[in-house]
>>> print(open('entry_29.cif').read())   # mmCIF, C-alpha atoms (C1' of nucleotides)
data_start
#
loop_
_atom_site.group_PDB
_atom_site.id
_atom_site.type_symbol
_atom_site.label_atom_id
_atom_site.label_comp_id
_atom_site.auth_asym_id
_atom_site.auth_seq_id
_atom_site.Cartn_x
_atom_site.Cartn_y
_atom_site.Cartn_z
ATOM 1 C CA MET A 14 -8.644 -8.063 14.214
ATOM 2 C CA LYS A 15 -10.458 -4.731 14.424
ATOM 3 C CA ALA A 16 -9.840 -2.198 11.734
ATOM 4 C CA PRO A 17 -6.699 -0.375 12.822
ATOM 5 C CA VAL A 18 -7.803 3.219 13.433
ATOM 6 C CA SER A 19 -5.480 5.354 11.446
ATOM 7 C CA VAL A 20 -4.245 8.532 13.019
ATOM 8 C CA SER A 21 -2.825 11.329 10.935
ATOM 9 C CA GLU A 22 0.316 13.261 11.668
ATOM 10 C CA ALA A 23 -1.397 16.222 13.293
ATOM 11 C CA GLU A 24 -3.790 13.982 15.148
ATOM 12 C CA SER A 25 -0.898 12.020 16.577
ATOM 13 C CA VAL A 26 0.364 15.186 18.239
ATOM 14 C CA VAL A 27 -2.888 15.350 20.132
ATOM 15 C CA MET A 28 -2.734 11.673 20.985
ATOM 16 C CA ALA A 29 0.752 12.200 22.341
ATOM 17 C CA VAL A 30 -0.580 14.718 24.811
ATOM 18 C CA LEU A 31 -3.261 12.331 25.988
ATOM 19 C CA TRP A 32 -0.835 9.445 26.275
ATOM 20 C CA HIS A 33 1.407 11.576 28.323
ATOM 21 C CA GLY A 34 -1.129 13.277 30.542
ATOM 22 C CA GLY A 35 -4.013 10.846 30.630
ATOM 23 C CA ALA A 36 -7.646 11.933 30.406
ATOM 24 C CA MET A 37 -8.112 15.675 30.153
ATOM 25 C CA ALA A 38 -10.329 18.423 28.803
ATOM 26 C CA THR A 39 -9.802 20.327 25.590
ATOM 27 C CA GLU A 40 -8.423 23.252 27.515
ATOM 28 C CA ALA A 41 -5.585 21.182 28.896
ATOM 29 C CA VAL A 42 -4.783 19.722 25.506
ATOM 30 C CA VAL A 43 -4.663 23.184 24.071
ATOM 31 C CA ALA A 44 -2.465 24.363 26.896
ATOM 32 C CA ALA A 45 -0.086 21.499 26.233
ATOM 33 C CA ILE A 46 0.108 22.006 22.490
ATOM 34 C CA ALA A 47 -0.580 25.577 21.511
ATOM 35 C CA PRO A 48 2.711 27.081 22.700
ATOM 36 C CA GLU A 49 5.154 25.353 20.372
ATOM 37 C CA ARG A 50 2.913 24.136 17.599
ATOM 38 C CA ARG A 51 1.249 27.472 17.277
ATOM 39 C CA TRP A 52 -2.118 25.975 16.478
ATOM 40 C CA GLN A 53 -5.337 27.829 17.036
ATOM 41 C CA GLU A 54 -7.638 26.422 19.646
ATOM 42 C CA SER A 55 -10.056 25.713 16.873
ATOM 43 C CA THR A 56 -7.579 23.465 15.130
ATOM 44 C CA ILE A 57 -7.130 21.355 18.208
ATOM 45 C CA LYS A 58 -10.859 21.118 18.709
ATOM 46 C CA THR A 59 -11.188 19.835 15.179
ATOM 47 C CA LEU A 60 -8.489 17.261 15.701
ATOM 48 C CA LEU A 61 -10.145 16.045 18.877
ATOM 49 C CA SER A 62 -13.482 15.635 17.096
ATOM 50 C CA ARG A 63 -11.878 13.728 14.302
ATOM 51 C CA LEU A 64 -10.127 11.448 16.741
ATOM 52 C CA LEU A 65 -13.423 10.940 18.507
ATOM 53 C CA ARG A 66 -15.219 10.107 15.289
ATOM 54 C CA LYS A 67 -12.458 7.649 14.438
ATOM 55 C CA GLY A 68 -12.719 6.071 17.839
ATOM 56 C CA ALA A 69 -9.141 6.772 18.793
ATOM 57 C CA VAL A 70 -10.287 8.647 21.880
ATOM 58 C CA ARG A 71 -13.309 8.485 24.129
ATOM 59 C CA ALA A 72 -15.140 11.484 25.579
ATOM 60 C CA THR A 73 -17.138 11.648 28.771
ATOM 61 C CA LYS A 74 -19.256 14.662 29.533
ATOM 62 C CA GLU A 75 -18.462 16.522 32.680
ATOM 63 C CA GLY A 76 -20.535 19.636 33.206
ATOM 64 C CA ARG A 77 -20.599 21.424 29.929
ATOM 65 C CA ARG A 78 -17.454 19.940 28.589
ATOM 66 C CA PHE A 79 -15.827 16.717 27.596
ATOM 67 C CA ILE A 80 -12.981 14.868 29.127
ATOM 68 C CA TYR A 81 -11.037 13.044 26.473
ATOM 69 C CA ALA A 82 -9.198 9.827 27.101
ATOM 70 C CA PRO A 83 -7.121 7.797 24.674
ATOM 71 C CA VAL A 84 -8.602 4.545 23.466
ATOM 72 C CA LEU A 85 -5.910 3.711 20.988
ATOM 73 C CA THR A 86 -2.760 3.029 22.962
ATOM 74 C CA ARG A 87 0.636 4.344 22.147
ATOM 75 C CA GLU A 88 1.880 0.817 21.716
ATOM 76 C CA GLN A 89 -0.833 0.000 19.207
ATOM 77 C CA TRP A 90 -0.042 3.124 17.334
ATOM 78 C CA LEU A 91 3.699 2.502 17.305
ATOM 79 C CA SER A 92 3.027 -0.996 16.072
ATOM 80 C CA SER A 93 0.686 -0.158 13.270
ATOM 81 C CA GLU A 94 2.788 2.724 12.033
ATOM 82 C CA SER A 95 6.062 0.905 12.100
ATOM 83 C CA GLU A 96 4.768 -2.376 10.807
ATOM 84 C CA GLY A 97 3.133 -0.499 7.981
ATOM 85 C CA LEU A 98 6.434 0.992 6.988
ATOM 86 C CA LEU A 99 8.399 -2.175 7.469
ATOM 87 C CA ASP A 100 5.942 -4.062 5.296
ATOM 88 C CA ARG A 101 5.987 -1.502 2.554
ATOM 89 C CA LEU A 102 9.710 -0.989 2.460
ATOM 90 C CA PHE A 103 11.546 -3.903 3.920
ATOM 91 C CA GLY A 104 9.413 -6.965 3.439
ATOM 92 C CA GLY A 105 8.086 -6.682 6.959
ATOM 93 C CA ARG A 106 11.394 -7.462 8.592
ATOM 94 C CA VAL A 107 13.520 -5.380 10.891
ATOM 95 C CA ALA A 108 16.987 -6.510 9.912
ATOM 96 C CA PRO A 109 16.907 -5.017 6.411
ATOM 97 C CA LEU A 110 15.992 -1.678 7.866
ATOM 98 C CA VAL A 111 18.895 -1.757 10.233
ATOM 99 C CA ALA A 112 21.126 -2.824 7.370
ATOM 100 C CA HIS A 113 19.927 0.088 5.311
ATOM 101 C CA PHE A 114 20.676 2.494 8.101
ATOM 102 C CA SER A 115 24.130 1.161 8.657
ATOM 103 C CA LYS A 116 24.880 1.351 4.971
ATOM 104 C CA GLN A 117 23.850 5.001 4.984
ATOM 105 C CA ARG A 118 26.010 5.653 8.050
ATOM 106 C CA LYS A 119 22.926 6.549 9.962
ATOM 107 C CA LEU A 120 23.669 4.274 12.894
ATOM 108 C CA SER A 121 25.065 6.235 15.761
ATOM 109 C CA LYS A 122 27.542 4.761 18.212
ATOM 110 C CA ARG A 123 24.831 4.902 20.735
ATOM 111 C CA ASP A 124 22.372 3.070 18.538
ATOM 112 C CA LEU A 125 24.926 0.425 17.822
ATOM 113 C CA ALA A 126 25.718 -0.045 21.492
ATOM 114 C CA ASP A 127 22.046 -0.215 22.373
ATOM 115 C CA LEU A 128 21.392 -2.703 19.659
ATOM 116 C CA LYS A 129 24.245 -4.865 20.796
ATOM 117 C CA ARG A 130 22.981 -4.941 24.324
ATOM 118 C CA LEU A 131 19.448 -5.611 23.156
ATOM 119 C CA ILE A 132 20.461 -8.503 20.973
ATOM 120 C CA GLU A 133 22.470 -10.055 23.748
ATOM 121 C CA GLU A 134 19.559 -9.834 26.124
ATOM 122 C CA LEU A 135 17.224 -11.378 23.625
ATOM 123 C CA ASP A 136 19.735 -14.072 22.997
ATOM 124 C CA ASN A 137 20.042 -15.448 26.471
ATOM 125 C CA ASP A 138 16.522 -15.974 27.543
ATOM 126 C CA MET B 10 19.960 19.784 0.974
ATOM 127 C CA LYS B 11 17.439 19.749 -1.825
ATOM 128 C CA ALA B 12 13.792 19.478 -0.863
ATOM 129 C CA PRO B 13 13.177 15.789 -0.466
ATOM 130 C CA VAL B 14 10.664 14.912 -3.185
ATOM 131 C CA SER B 15 7.852 13.119 -1.491
ATOM 132 C CA VAL B 16 6.375 10.141 -3.250
ATOM 133 C CA SER B 17 2.937 8.852 -2.351
ATOM 134 C CA GLU B 18 1.994 5.251 -1.804
ATOM 135 C CA ALA B 19 0.568 4.680 -5.281
ATOM 136 C CA GLU B 20 3.386 6.618 -6.871
ATOM 137 C CA SER B 21 5.912 4.451 -5.135
ATOM 138 C CA VAL B 22 4.490 1.443 -6.921
ATOM 139 C CA VAL B 23 5.372 3.104 -10.188
ATOM 140 C CA MET B 24 8.805 4.042 -8.914
ATOM 141 C CA ALA B 25 9.368 0.438 -7.929
ATOM 142 C CA VAL B 26 8.844 -0.637 -11.512
ATOM 143 C CA LEU B 27 11.334 1.902 -12.777
ATOM 144 C CA TRP B 28 13.879 1.008 -10.145
ATOM 145 C CA HIS B 29 13.543 -2.574 -11.108
ATOM 146 C CA GLY B 30 13.441 -2.245 -14.869
ATOM 147 C CA GLY B 31 15.311 0.963 -15.543
ATOM 148 C CA ALA B 32 14.166 3.528 -18.087
ATOM 149 C CA MET B 33 11.049 2.540 -19.952
ATOM 150 C CA ALA B 34 7.965 3.834 -21.721
ATOM 151 C CA THR B 35 4.523 4.138 -20.222
ATOM 152 C CA GLU B 36 3.435 1.014 -22.007
ATOM 153 C CA ALA B 37 6.012 -1.075 -20.210
ATOM 154 C CA VAL B 38 5.146 0.401 -16.851
ATOM 155 C CA VAL B 39 1.530 -0.389 -17.476
ATOM 156 C CA ALA B 40 2.409 -3.906 -18.520
ATOM 157 C CA ALA B 41 4.344 -4.376 -15.326
ATOM 158 C CA ILE B 42 1.693 -3.028 -13.038
ATOM 159 C CA ALA B 43 -1.773 -3.415 -14.492
ATOM 160 C CA PRO B 44 -2.105 -7.177 -13.988
ATOM 161 C CA GLU B 45 -2.083 -7.378 -10.206
ATOM 162 C CA ARG B 46 -2.894 -3.847 -9.184
ATOM 163 C CA ARG B 47 -5.787 -3.666 -11.546
ATOM 164 C CA TRP B 48 -5.220 -0.042 -12.366
ATOM 165 C CA GLN B 49 -6.459 1.540 -15.544
ATOM 166 C CA GLU B 50 -3.822 2.717 -17.958
ATOM 167 C CA SER B 51 -5.057 6.199 -17.285
ATOM 168 C CA THR B 52 -4.257 5.917 -13.619
ATOM 169 C CA ILE B 53 -0.692 4.966 -14.331
ATOM 170 C CA LYS B 54 -0.323 7.808 -16.802
ATOM 171 C CA THR B 55 -1.509 10.203 -14.127
ATOM 172 C CA LEU B 56 0.949 8.844 -11.621
ATOM 173 C CA LEU B 57 3.776 9.175 -14.100
ATOM 174 C CA SER B 58 2.883 12.812 -14.776
ATOM 175 C CA ARG B 59 2.755 13.578 -11.110
ATOM 176 C CA LEU B 60 6.102 11.951 -10.554
ATOM 177 C CA LEU B 61 7.453 13.976 -13.442
ATOM 178 C CA ARG B 62 6.066 17.202 -12.051
ATOM 179 C CA LYS B 63 7.601 16.371 -8.694
ATOM 180 C CA GLY B 64 10.915 15.656 -10.306
ATOM 181 C CA ALA B 65 11.074 12.089 -9.086
ATOM 182 C CA VAL B 66 11.434 10.853 -12.648
ATOM 183 C CA ARG B 67 12.828 12.292 -15.842
ATOM 184 C CA ALA B 68 11.278 11.901 -19.290
ATOM 185 C CA THR B 69 13.019 11.956 -22.618
ATOM 186 C CA LYS B 70 11.025 12.075 -25.789
ATOM 187 C CA GLU B 71 11.484 9.263 -28.199
ATOM 188 C CA GLY B 72 9.297 9.476 -31.254
ATOM 189 C CA ARG B 73 5.880 10.300 -30.029
ATOM 190 C CA ARG B 74 6.338 9.015 -26.575
ATOM 191 C CA PHE B 75 8.346 9.441 -23.451
ATOM 192 C CA ILE B 76 10.859 7.199 -21.852
ATOM 193 C CA TYR B 77 10.738 7.596 -18.122
ATOM 194 C CA ALA B 78 13.748 7.117 -15.908
ATOM 195 C CA PRO B 79 13.933 7.386 -12.147
ATOM 196 C CA VAL B 80 15.710 10.420 -10.739
ATOM 197 C CA LEU B 81 14.981 9.728 -7.114
ATOM 198 C CA THR B 82 16.867 6.588 -6.192
ATOM 199 C CA ARG B 83 15.464 3.730 -4.228
ATOM 200 C CA GLU B 84 18.058 4.354 -1.563
ATOM 201 C CA GLN B 85 17.042 7.962 -1.204
ATOM 202 C CA TRP B 86 13.459 6.951 -0.948
ATOM 203 C CA LEU B 87 14.113 4.258 1.620
ATOM 204 C CA SER B 88 16.091 6.743 3.629
ATOM 205 C CA SER B 89 13.588 9.535 3.632
ATOM 206 C CA GLU B 90 10.667 7.280 4.380
ATOM 207 C CA SER B 91 12.308 5.394 7.159
ATOM 208 C CA GLU B 92 14.047 8.346 8.704
ATOM 209 C CA GLY B 93 10.755 10.155 8.690
ATOM 210 C CA LEU B 94 9.157 7.391 10.643
ATOM 211 C CA LEU B 95 12.047 6.931 12.999
ATOM 212 C CA ASP B 96 12.085 10.617 13.743
ATOM 213 C CA ARG B 97 8.391 10.802 14.375
ATOM 214 C CA LEU B 98 8.109 7.690 16.474
ATOM 215 C CA PHE B 99 11.411 6.768 17.999
ATOM 216 C CA GLY B 100 13.411 9.908 18.419
ATOM 217 C CA GLY B 101 15.267 9.255 15.206
ATOM 218 C CA ARG B 102 17.053 6.217 16.503
ATOM 219 C CA VAL B 103 16.943 2.636 15.381
ATOM 220 C CA ALA B 104 17.418 0.822 18.655
ATOM 221 C CA PRO B 105 14.099 1.872 20.185
ATOM 222 C CA LEU B 106 12.287 0.567 17.157
ATOM 223 C CA VAL B 107 13.979 -2.780 17.440
ATOM 224 C CA ALA B 108 13.174 -2.802 21.123
ATOM 225 C CA HIS B 109 9.563 -2.092 20.383
ATOM 226 C CA PHE B 110 9.404 -4.948 17.936
ATOM 227 C CA SER B 111 10.957 -7.384 20.293
ATOM 228 C CA LYS B 112 8.583 -6.381 23.039
ATOM 229 C CA GLN B 113 5.670 -7.054 20.717
ATOM 230 C CA ARG B 114 7.160 -10.420 19.772
ATOM 231 C CA LYS B 115 7.478 -9.242 16.233
ATOM 232 C CA LEU B 116 11.102 -10.201 15.877
ATOM 233 C CA SER B 117 11.394 -13.427 13.956
ATOM 234 C CA LYS B 118 14.209 -15.895 14.573
ATOM 235 C CA ARG B 119 15.496 -14.939 11.218
ATOM 236 C CA ASP B 120 15.433 -11.257 12.000
ATOM 237 C CA LEU B 121 17.235 -11.865 15.218
ATOM 238 C CA ALA B 122 19.882 -13.972 13.568
ATOM 239 C CA ASP B 123 20.366 -11.415 10.818
ATOM 240 C CA LEU B 124 20.638 -8.637 13.312
ATOM 241 C CA LYS B 125 23.173 -10.527 15.317
ATOM 242 C CA ARG B 126 25.342 -11.128 12.298
ATOM 243 C CA LEU B 127 24.963 -7.536 11.220
ATOM 244 C CA ILE B 128 25.969 -6.150 14.569
ATOM 245 C CA GLU B 129 29.003 -8.355 14.715
ATOM 246 C CA GLU B 130 30.110 -7.248 11.299
ATOM 247 C CA LEU B 131 29.675 -3.619 12.187
ATOM 248 C CA ASP B 132 31.539 -4.210 15.363
ATOM 249 C CA ASN B 133 34.780 -5.462 13.965
ATOM 250 C CA ASP B 134 35.674 -2.928 11.389
ATOM 251 C "C1'" DC C 30 -34.407 35.622 35.655
ATOM 252 C "C1'" DA C 31 -31.390 37.970 32.329
ATOM 253 C "C1'" DT C 32 -26.846 37.820 30.664
ATOM 254 C "C1'" DC C 33 -22.678 36.430 29.581
ATOM 255 C "C1'" DT C 34 -19.262 32.992 28.521
ATOM 256 C "C1'" DC C 35 -17.312 29.406 26.637
ATOM 257 C "C1'" DC C 36 -17.431 24.672 24.588
ATOM 258 C "C1'" DG C 37 -18.571 21.659 21.082
ATOM 259 C "C1'" DT C 38 -20.334 21.578 16.369
ATOM 260 C "C1'" DC C 39 -20.678 23.043 11.746
ATOM 261 C "C1'" DT C 40 -18.722 25.037 7.881
ATOM 262 C "C1'" DA C 41 -14.729 26.236 5.025
ATOM 263 C "C1'" DC C 42 -11.105 25.770 2.025
ATOM 264 C "C1'" DA C 43 -6.767 24.632 -0.276
ATOM 265 C "C1'" DG C 44 -3.606 20.971 -1.339
ATOM 266 C "C1'" DG C 45 -2.590 15.980 -1.819
ATOM 267 C "C1'" DT C 46 -4.125 11.383 -3.211
ATOM 268 C "C1'" DG C 47 -6.448 7.449 -5.521
ATOM 269 C "C1'" DT C 48 -8.624 6.518 -9.454
ATOM 270 C "C1'" DA C 49 -10.148 7.294 -14.019
ATOM 271 C "C1'" DG C 50 -12.453 9.426 -18.448
ATOM 272 C "C1'" DT C 51 -11.914 12.535 -22.459
ATOM 273 C "C1'" DC C 52 -9.660 15.137 -25.935
ATOM 274 C "C1'" DT C 53 -6.153 16.553 -29.158
ATOM 275 C "C1'" DA C 54 -2.465 16.302 -31.879
ATOM 276 C "C1'" DA C 55 1.633 13.879 -33.476
ATOM 277 C "C1'" DG C 56 3.119 9.865 -35.903
ATOM 278 C "C1'" DC C 57 2.372 5.717 -38.618
ATOM 279 C "C1'" DC C 58 0.356 3.086 -42.299
ATOM 280 C "C1'" DT C 59 -1.604 2.470 -46.827
ATOM 281 C "C1'" DA D 6 -2.018 12.756 -48.642
ATOM 282 C "C1'" DG D 7 -5.630 11.127 -45.757
ATOM 283 C "C1'" DG D 8 -7.066 8.529 -42.147
ATOM 284 C "C1'" DC D 9 -6.255 5.822 -38.062
ATOM 285 C "C1'" DT D 10 -3.984 4.982 -33.671
ATOM 286 C "C1'" DT D 11 -2.463 6.199 -29.565
ATOM 287 C "C1'" DA D 12 0.296 8.815 -26.160
ATOM 288 C "C1'" DG D 13 0.340 12.555 -23.310
ATOM 289 C "C1'" DA D 14 -2.444 16.537 -21.489
ATOM 290 C "C1'" DC D 15 -6.382 18.063 -19.364
ATOM 291 C "C1'" DT D 16 -10.378 17.416 -16.538
ATOM 292 C "C1'" DA D 17 -12.937 15.142 -12.809
ATOM 293 C "C1'" DC D 18 -14.188 13.973 -8.380
ATOM 294 C "C1'" DA D 19 -14.479 12.098 -3.787
ATOM 295 C "C1'" DC D 20 -12.004 11.660 0.404
ATOM 296 C "C1'" DC D 21 -8.292 12.878 3.748
ATOM 297 C "C1'" DT D 22 -5.553 16.356 5.945
ATOM 298 C "C1'" DG D 23 -4.017 20.735 7.930
ATOM 299 C "C1'" DT D 24 -5.715 24.682 9.514
ATOM 300 C "C1'" DA D 25 -9.157 27.710 11.180
ATOM 301 C "C1'" DG D 26 -13.493 30.877 11.628
ATOM 302 C "C1'" DA D 27 -18.470 31.192 13.001
ATOM 303 C "C1'" DC D 28 -22.353 30.087 15.720
ATOM 304 C "C1'" DG D 29 -25.797 28.279 18.948
ATOM 305 C "C1'" DG D 30 -26.958 26.681 23.148
ATOM 306 C "C1'" DA D 31 -25.907 24.831 27.881
ATOM 307 C "C1'" DG D 32 -24.128 26.351 32.094
ATOM 308 C "C1'" DA D 33 -22.219 29.989 35.090
ATOM 309 C "C1'" DT D 34 -22.963 34.589 37.242
ATOM 310 C "C1'" DG D 35 -25.057 38.389 39.122
#
>>> encode(input="entry_29.cif", output="structure tokens")
Amino acid sequence: MKAPVSVSEAESVVMAVLWHGGAMATEAVVAAIAPERRWQESTIKTLLSRLLRKGAVRATKEGRRFIYAPVLTREQWLSSESEGLLDRLFGGRVAPLVAHFSKQRKLSKRDLADLKRLIEELDND
Amino acid sequence: MKAPVSVSEAESVVMAVLWHGGAMATEAVVAAIAPERRWQESTIKTLLSRLLRKGAVRATKEGRRFIYAPVLTREQWLSSESEGLLDRLFGGRVAPLVAHFSKQRKLSKRDLADLKRLIEELDND
DNA sequence: CATCTCCGTCTACAGGTGTAGTCTAAGCCT
DNA sequence: AGGCTTAGACTACACCTGTAGACGGAGATG
């Protein structure tokens, strides 16, 4: 059980780009993020370094620059984040969370339908 | 839509005590927490002040001390925390989270059974 | 080879957090 | 009334985070 690299909010935006586009240089990450998030190039560079230091990404030199590739997978990240929350708030179980949401009327028709289908699937196999 | 007071990890431990025991003085909070968490009284006092400043608790003077009562409810807290996560990770919907858990084999029999019952209930009303 | 360019690194800085020590004054006790 | 206790206020401090500017040197260009 390796220490679960923890990725901050802003860092996760960068990870998302890498998960989506695979290995790429800083420039490409910037191109993918800067428009909406309105971050300076410098900010993204910092985030990449921090992710590198944390071991969440890997960098291979190519000419004078680095190509960054995700090491932490999206699945791992989803798991650690959501299990963390589930543990803290709902005793580590999923059902109480769903119950909470339904009680707060936060379960959309669509969610309900999806859940139903999901449960059925899980049931007969 | 009032700004959703954000409560930190450590602060939430204090909130938990108040949610569980209702209004009480610092002393009682300390008594409830100090044993396991091994926090100094001072730490708990700090957390209470921060919660007060944030408006998550209310304090009424009684003699020379304060009686603290939760303002933020547990439900509100559960909602903001879990919606935050759902939004960030699963497009704000519950089903994808459940799907993720099942894919990772993190759905216990019990969870599954509870979910099934829950869905049925929600379905016929 | 002399320059120029651009990329990664270093530095910065405010705000939040975890964790705790110190001080002051308001009550309580004798 | 005078002293003692103690609760809340103030101060501290390191680390993480969000956000970004500055700079030096390794390549690219002419």
>>> resolve_selection(input="entry_29.cif", expression="the PyMOL selection byres ((chain D and resi 19-30) around 12)", output="mmCIF file with C-alpha atoms (C1' of nucleotides), in the frame of the given file")
data_model
loop_
_atom_site.group_PDB
_atom_site.id
_atom_site.type_symbol
_atom_site.label_atom_id
_atom_site.label_comp_id
_atom_site.auth_asym_id
_atom_site.auth_seq_id
_atom_site.Cartn_x
_atom_site.Cartn_y
_atom_site.Cartn_z
ATOM 1 C CA SER A 19 -5.480 5.354 11.446
ATOM 2 C CA VAL A 20 -4.245 8.532 13.019
ATOM 3 C CA SER A 21 -2.825 11.329 10.935
ATOM 4 C CA GLU A 22 0.316 13.261 11.668
ATOM 5 C CA ALA A 23 -1.397 16.222 13.293
ATOM 6 C CA GLU A 24 -3.790 13.982 15.148
ATOM 7 C CA ARG A 50 2.913 24.136 17.599
ATOM 8 C CA ARG A 51 1.249 27.472 17.277
ATOM 9 C CA TRP A 52 -2.118 25.975 16.478
ATOM 10 C CA GLN A 53 -5.337 27.829 17.036
ATOM 11 C CA GLU A 54 -7.638 26.422 19.646
ATOM 12 C CA SER A 55 -10.056 25.713 16.873
ATOM 13 C CA THR A 56 -7.579 23.465 15.130
ATOM 14 C CA ILE A 57 -7.130 21.355 18.208
ATOM 15 C CA LYS A 58 -10.859 21.118 18.709
ATOM 16 C CA THR A 59 -11.188 19.835 15.179
ATOM 17 C CA LEU A 60 -8.489 17.261 15.701
ATOM 18 C CA ARG A 63 -11.878 13.728 14.302
ATOM 19 C CA ARG A 77 -20.599 21.424 29.929
ATOM 20 C "C1'" DT C 34 -19.262 32.992 28.521
ATOM 21 C "C1'" DC C 35 -17.312 29.406 26.637
ATOM 22 C "C1'" DC C 36 -17.431 24.672 24.588
ATOM 23 C "C1'" DG C 37 -18.571 21.659 21.082
ATOM 24 C "C1'" DT C 38 -20.334 21.578 16.369
ATOM 25 C "C1'" DC C 39 -20.678 23.043 11.746
ATOM 26 C "C1'" DT C 40 -18.722 25.037 7.881
ATOM 27 C "C1'" DA C 41 -14.729 26.236 5.025
ATOM 28 C "C1'" DC C 42 -11.105 25.770 2.025
ATOM 29 C "C1'" DA C 43 -6.767 24.632 -0.276
ATOM 30 C "C1'" DG C 44 -3.606 20.971 -1.339
ATOM 31 C "C1'" DG C 45 -2.590 15.980 -1.819
ATOM 32 C "C1'" DT C 46 -4.125 11.383 -3.211
ATOM 33 C "C1'" DG C 47 -6.448 7.449 -5.521
ATOM 34 C "C1'" DT C 48 -8.624 6.518 -9.454
ATOM 35 C "C1'" DA D 17 -12.937 15.142 -12.809
ATOM 36 C "C1'" DC D 18 -14.188 13.973 -8.380
ATOM 37 C "C1'" DA D 31 -25.907 24.831 27.881
ATOM 38 C "C1'" DG D 32 -24.128 26.351 32.094
#
>>> resolve_selection(input="entry_29.cif", expression="the PyMOL selection byres ((chain D) within 12 of (chain B))", output="list in words")
DT10, DT11, DA12, DG13, DA14, DC15 and DT16 of chain D
>>> closest_atom_pairs(input="entry_29.cif", of="chain C", to="chain B", cutoff="7 Å", atoms="all atoms listed in the file", output="Markdown table")
| residue | atom | partner | partner_atom | distance |
| --- | --- | --- | --- | --- |
| C:DT48 | C1' | B:Thr52 | CA | 6.1 |
| C:DA49 | C1' | B:Thr52 | CA | 6.1 |
| C:DA55 | C1' | B:Arg73 | CA | 6.5 |
| C:DG56 | C1' | B:Arg73 | CA | 6.5 |
>>> write_last_selection(input="entry_29.cif", atoms="C-alpha atoms (C1' of nucleotides)", output="PDB file, in the coordinates of the input")
ATOM      1  C1'  DT C  48      -8.624   6.518  -9.454  1.00  0.00           C
ATOM      2  C1'  DA C  49     -10.148   7.294 -14.019  1.00  0.00           C
ATOM      3  C1'  DA C  55       1.633  13.879 -33.476  1.00  0.00           C
ATOM      4  C1'  DG C  56       3.119   9.865 -35.903  1.00  0.00           C
TER       5       DG C  56
END
>>> closest_residue(input="entry_29.cif", among="B:Arg83, B:Lys112, B:Lys118, B:Lys125", to="chain A", atoms="all atoms listed in the file")
B:Lys125
>>> interface_residues(input="entry_29.cif", of="chain A", to="chain B", cutoff="6 Å", atoms="all atoms listed in the file", output="PDB file with C-alpha atoms, in the coordinates of the input")
ATOM      1  CA  ALA A 108      16.987  -6.510   9.912  1.00  0.00           C
ATOM      2  CA  ASP A 124      22.372   3.070  18.538  1.00  0.00           C
ATOM      3  CA  LEU A 128      21.392  -2.703  19.659  1.00  0.00           C
TER       4      LEU A 128
END
>>> atom_distance(input="entry_29.cif", atom1="atom C1' of D:DT34", atom2="atom CA of A:Ala44")
25.1 Å
>>> residues_around(input="entry_29.cif", residues="C:DC58", least_positions_apart="3", cutoff="12 Å", atoms="all atoms listed in the file", output="list in words")
DA6, DG7, DG8, DC9 and DT10 of chain D
>>> atom_distance(input="entry_29.cif", atom1="atom CA of B:Ala43", atom2="atom C1' of C:DG50")
17.2 Å
>>> atom_distance(input="entry_29.cif", atom1="atom CA of A:Arg71", atom2="atom CA of A:Val84")
6.2 Å
>>> axis_aligned_box(input="entry_29.cif", around="stretch 10-18 of chain D", padding_each_side="8 Å", output="JSON")
{"center_x": -6.9, "center_y": 11.5, "center_z": -21.0, "size_x": 30.5, "size_y": 29.1, "size_z": 41.3}
>>> residues_around(input="entry_29.cif", residues="A:Met28", least_positions_apart="6", cutoff="9 Å", atoms="only C-alpha atoms (C1' of nucleotides)", output="list in words")
Val20, Leu61, Leu64, Ala69, Val70, Pro83, Leu85, Thr86 and Arg87 of chain A
